[in-house]
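Asks: I'd like to ask some things about the structure below.
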Amino acid sequence: MGKVLNFGELLLRISPDVEGAWLKENNLPFYVGGAEANVAAALALWGVPSAYLSAVPDNFLSRQVVAHLDQLNIDTSPMQYLGERIGLYYLANGKDLKNSGVIYDRNYSSFSTLKTGIIDWDAVFEGISWFHFSAICPALNADVAAVCEEALKAASERNIRISLDLNFRSKLWKYGKDPIDVMPLLAPYCDLIMGNIWAAENMLGIPVPAGLVEADLKAHYLEQATISSKAIIAAFPKCTAVANTFRFDFKTGVKYYSTLFTENELFVSKEYRAEKIGGKIGSGDCYMAGLIYGFYHQLPPAEILGFATRAAFAKLFTTTDFNTTKIEDIQLVVQPYETSF
């Protein structure tokens, strides 16, 4: 097996405290992240050969960040150096990216200025056996969406396995296209699609019946996971596996479980509940990394799902964007929160 290449925008997260103490203390936390970089970091920590492709300006700040990725055993040789700035986003500590309080500052970033014909895919895909990207990339603008399609065609021509995370960020789709206009053109290239039943509805047009959330019954969610997964595979025949996560508020924390539909069977994970967590950033990316880890090592579906779910839940107890929990520690973290539900 070759390396897993993760393609997406490298971001810096700026996290002021809600009370505004950072103004008096002159102390504003920065975190290196971005959905695909988060996946790359988790895979590298777990021993999977991991590479990362993004675009950043050629300046000292970018070189420091890239050197940090190198220290995490991420292969950064595919990085593109162009443009003027690294993308930023602002999110108060402890908040979720789906929270309305997130502020994006990504216009005119180096990654957002990518166009087709810039990246040498022959060079980039040398030694690569898996390509991963998320729906955040084509959400930026039409040019980046076209680059995604260019990458997918090039990967498919080389028989590289492809995974897609249906990350939905409503604040990013601002260039006259809705996800449903773009994502069905990219999904046909993908072998593994991950998200949730509502993202599949918003992005791929797979309907979710009215009243599902109001009923809030796990049996109904699992039934819909089967229906949505089968519909995705029917619509995009190259796809052989569909994963759905279910993360809901539980007191001041979360309850979490997930499903994997493959080989015409729905696998359901154990459920975990915690009344208090560290942060939600990167949990879904860690789940995606767990899926890739399992498929990369050709584990049985139930094992793949179990590992991905535990890894994602363990990520909820950290505050950085990148996963820092080693494989041998994941079970220790999640064991107290396993339920019988």
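Ligands are numbered from 1 in the order shown, residues from 1 within each chain, and chains are lettered A, B, ... in the order they appear in the structure tokens.
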Give me the residues within 8 Å of stretch 68-79 of chain A as a PDB file with N, CA and C atoms, in the first residue's frame, counting only C-alpha atoms and dropping any in the same chain fewer than 5 places off.

Replies:
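Below is the file selection_32.pdb, written as the result:
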ATOM      1  N   ALA A  40      -4.921  13.901   8.051  1.00  0.00           N
ATOM      2  CA  ALA A  40      -3.517  13.558   7.809  1.00  0.00           C
ATOM      3  C   ALA A  40      -2.756  13.378   9.115  1.00  0.00           C
ATOM      4  N   ALA A  41      -3.014  14.262  10.084  1.00  0.00           N
ATOM      5  CA  ALA A  41      -2.305  14.199  11.360  1.00  0.00           C
ATOM      6  C   ALA A  41      -2.669  12.938  12.136  1.00  0.00           C
ATOM      7  N   ALA A  44      -1.051   9.868  10.456  1.00  0.00           N
ATOM      8  CA  ALA A  44       0.393   9.836  10.705  1.00  0.00           C
ATOM      9  C   ALA A  44       0.681   9.376  12.132  1.00  0.00           C
ATOM     10  N   LEU A  45      -0.112   9.844  13.088  1.00  0.00           N
ATOM     11  CA  LEU A  45       0.070   9.435  14.483  1.00  0.00           C
ATOM     12  C   LEU A  45      -0.142   7.940  14.644  1.00  0.00           C
ATOM     13  N   PRO A  49       1.168   5.770   6.403  1.00  0.00           N
ATOM     14  CA  PRO A  49       1.920   6.744   5.606  1.00  0.00           C
ATOM     15  C   PRO A  49       0.990   7.833   5.081  1.00  0.00           C
ATOM     16  N   SER A  50       1.233   9.051   5.515  1.00  0.00           N
ATOM     17  CA  SER A  50       0.276  10.131   5.290  1.00  0.00           C
ATOM     18  C   SER A  50       0.947  11.311   4.601  1.00  0.00           C
ATOM     19  N   ALA A  51       0.299  11.826   3.561  1.00  0.00           N
ATOM     20  CA  ALA A  51       0.800  12.996   2.835  1.00  0.00           C
ATOM     21  C   ALA A  51      -0.295  14.057   2.808  1.00  0.00           C
ATOM     22  N   TYR A  52       0.120  15.299   2.575  1.00  0.00           N
ATOM     23  CA  TYR A  52      -0.829  16.406   2.616  1.00  0.00           C
ATOM     24  C   TYR A  52      -0.530  17.391   1.499  1.00  0.00           C
ATOM     25  N   LEU A  53      -1.589  17.775   0.801  1.00  0.00           N
ATOM     26  CA  LEU A  53      -1.497  18.723  -0.311  1.00  0.00           C
ATOM     27  C   LEU A  53      -2.410  19.904  -0.035  1.00  0.00           C
ATOM     28  N   SER A  54      -1.808  21.070   0.082  1.00  0.00           N
ATOM     29  CA  SER A  54      -2.556  22.310   0.205  1.00  0.00           C
ATOM     30  C   SER A  54      -1.769  23.388  -0.525  1.00  0.00           C
ATOM     31  N   ALA A  55      -2.236  24.621  -0.443  1.00  0.00           N
ATOM     32  CA  ALA A  55      -1.518  25.749  -1.042  1.00  0.00           C
ATOM     33  C   ALA A  55      -1.359  26.831   0.008  1.00  0.00           C
ATOM     34  N   VAL A  56      -0.142  27.304   0.162  1.00  0.00           N
ATOM     35  CA  VAL A  56       0.178  28.349   1.132  1.00  0.00           C
ATOM     36  C   VAL A  56       1.167  29.317   0.500  1.00  0.00           C
ATOM     37  N   VAL A 124       2.312  14.501  -7.973  1.00  0.00           N
ATOM     38  CA  VAL A 124       1.613  14.437  -6.691  1.00  0.00           C
ATOM     39  C   VAL A 124       1.165  13.021  -6.366  1.00  0.00           C
TER      40      VAL A 124
END

Asks: Hey, what does DSSP flag as alpha helix (DSSP H) within stretch 23-140 of chain A? Can you give it to me as a PyMOL selection string?

Replies: chain A and resi 23-25+35-45+60-71+121-124

Asks: Skip A:Met288 itself and residues of its chain fewer than 3 positions away, then list as a PyMOL selection string all residues within 12 Å of it, counting only C-alpha atoms.

Replies: chain A and resi 6+35-43+132-134+163-167+192-195+242-245+258+260+282-285+291-296+304-305+307-312+315+323

Asks: Once DSSP has gone over the backbone, tell me which residues of stretch 24-171 of chain A are in strand (DSSP E), as a PyMOL selection string.

Replies: chain A and resi 30-33+50-53+55-56+74-75+80-81+87-90+103-105+128-134+161-165

Asks: With only C-alpha atoms as the counted atoms, please give the residues lying no more than 8 Å from A:Asp321, apart from itself and same-chain residues fewer than 5 positions off, as JSON, numbers by chain.

Replies: {"A": [31, 32, 33, 34, 38, 281, 282]}

Asks: Please measure the separation of atom CA of A:Asp249 and atom CA of A:Tyr89, giving the value in Å to one decimal.

Replies: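 Atom CA of A:Tyr89 lies 23.7 Å from atom CA of A:Asp249.
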
Asks: For A:Thr240, find every residue with an atom within 7 Å (counting only C-alpha atoms), except residues of its own chain fewer than 6 positions away, and show them as a short mmCIF file (atom, residue, chain, number, x, y, z; two decimals) with C-alpha atoms, in the first residue's frame.

Replies:
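Saved file out-v5.cif follows:
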data_model
loop_
_atom_site.label_atom_id
_atom_site.label_comp_id
_atom_site.auth_asym_id
_atom_site.auth_seq_id
_atom_site.Cartn_x
_atom_site.Cartn_y
_atom_site.Cartn_z
CA ASP A 191 -15.27 4.60 -3.05
CA LEU A 192 -16.08 5.66 0.53
CA ILE A 233 -24.61 3.39 -3.44
CA THR A 262 -21.05 -2.06 3.23
#

Asks: I'd like the interatomic distance between atom CA of A:Leu91 and atom CA of A:Ser15, to a tenth of an Å.

Replies: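 Atom CA of A:Leu91 sits 5.1 Å away from atom CA of A:Ser15.
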
Asks: List the neighbours of A:Pro336 out to 12 Å using only C-alpha atoms; skip same-chain residues closer than 6 positions along the sequence, and give me the result as a short mmCIF file (atom, residue, chain, number, x, y, z; two decimals) with C-alpha atoms, in the first residue's frame.

Replies:
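New file result_5.cif:
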data_model
loop_
_atom_site.label_atom_id
_atom_site.label_comp_id
_atom_site.auth_asym_id
_atom_site.auth_seq_id
_atom_site.Cartn_x
_atom_site.Cartn_y
_atom_site.Cartn_z
CA GLU A 271 -23.02 4.23 21.83
CA TYR A 272 -20.98 6.57 24.03
CA ARG A 273 -22.21 9.32 26.32
CA ALA A 274 -20.30 12.01 28.17
CA GLU A 275 -21.73 14.84 30.25
CA ARG A 310 -13.91 5.18 19.48
CA PHE A 313 -15.29 10.02 20.63
CA ALA A 314 -11.85 10.13 22.23
CA ILE A 330 -8.14 5.34 22.67
#

Asks: Would you mind telling me which residue in A:Leu266, A:Leu88, A:Ile118, A:Leu316 lies nearest to A:Tyr287 when using only C-alpha atoms?

Replies: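 Looking only at the distances to A:Tyr287, the closest residue turns out to be A:Leu316.
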
Asks: In Å, how far is it from atom CA of A:Ala142 to atom CA of A:Lys115?

Replies: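 Going from atom CA of A:Ala142 over to atom CA of A:Lys115, I get 9.2 Å.
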
Asks: What lies within 8 Å of A:Pro138 using only C-alpha atoms, ignoring chain neighbours under 4 positions off, as a list in words?

Replies: Ala142, Val144, Ala145, Ala146, Cys148 and Val182 of chain A

Asks: Using C-alpha atoms, can you export the residues from the last selection as a PDB file, in the first residue's frame?

Replies:
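Saved result, selection-v5.pdb, follows:
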ATOM      1  CA  ALA A 142     -16.016  27.369  -8.686  1.00  0.00           C
ATOM      2  CA  VAL A 144     -11.481  25.062  -6.447  1.00  0.00           C
ATOM      3  CA  ALA A 145     -14.473  22.854  -7.241  1.00  0.00           C
ATOM      4  CA  ALA A 146     -12.998  22.366 -10.719  1.00  0.00           C
ATOM      5  CA  CYS A 148     -11.347  18.864  -7.057  1.00  0.00           C
ATOM      6  CA  VAL A 182     -21.734  20.466  -7.219  1.00  0.00           C
TER       7      VAL A 182
END
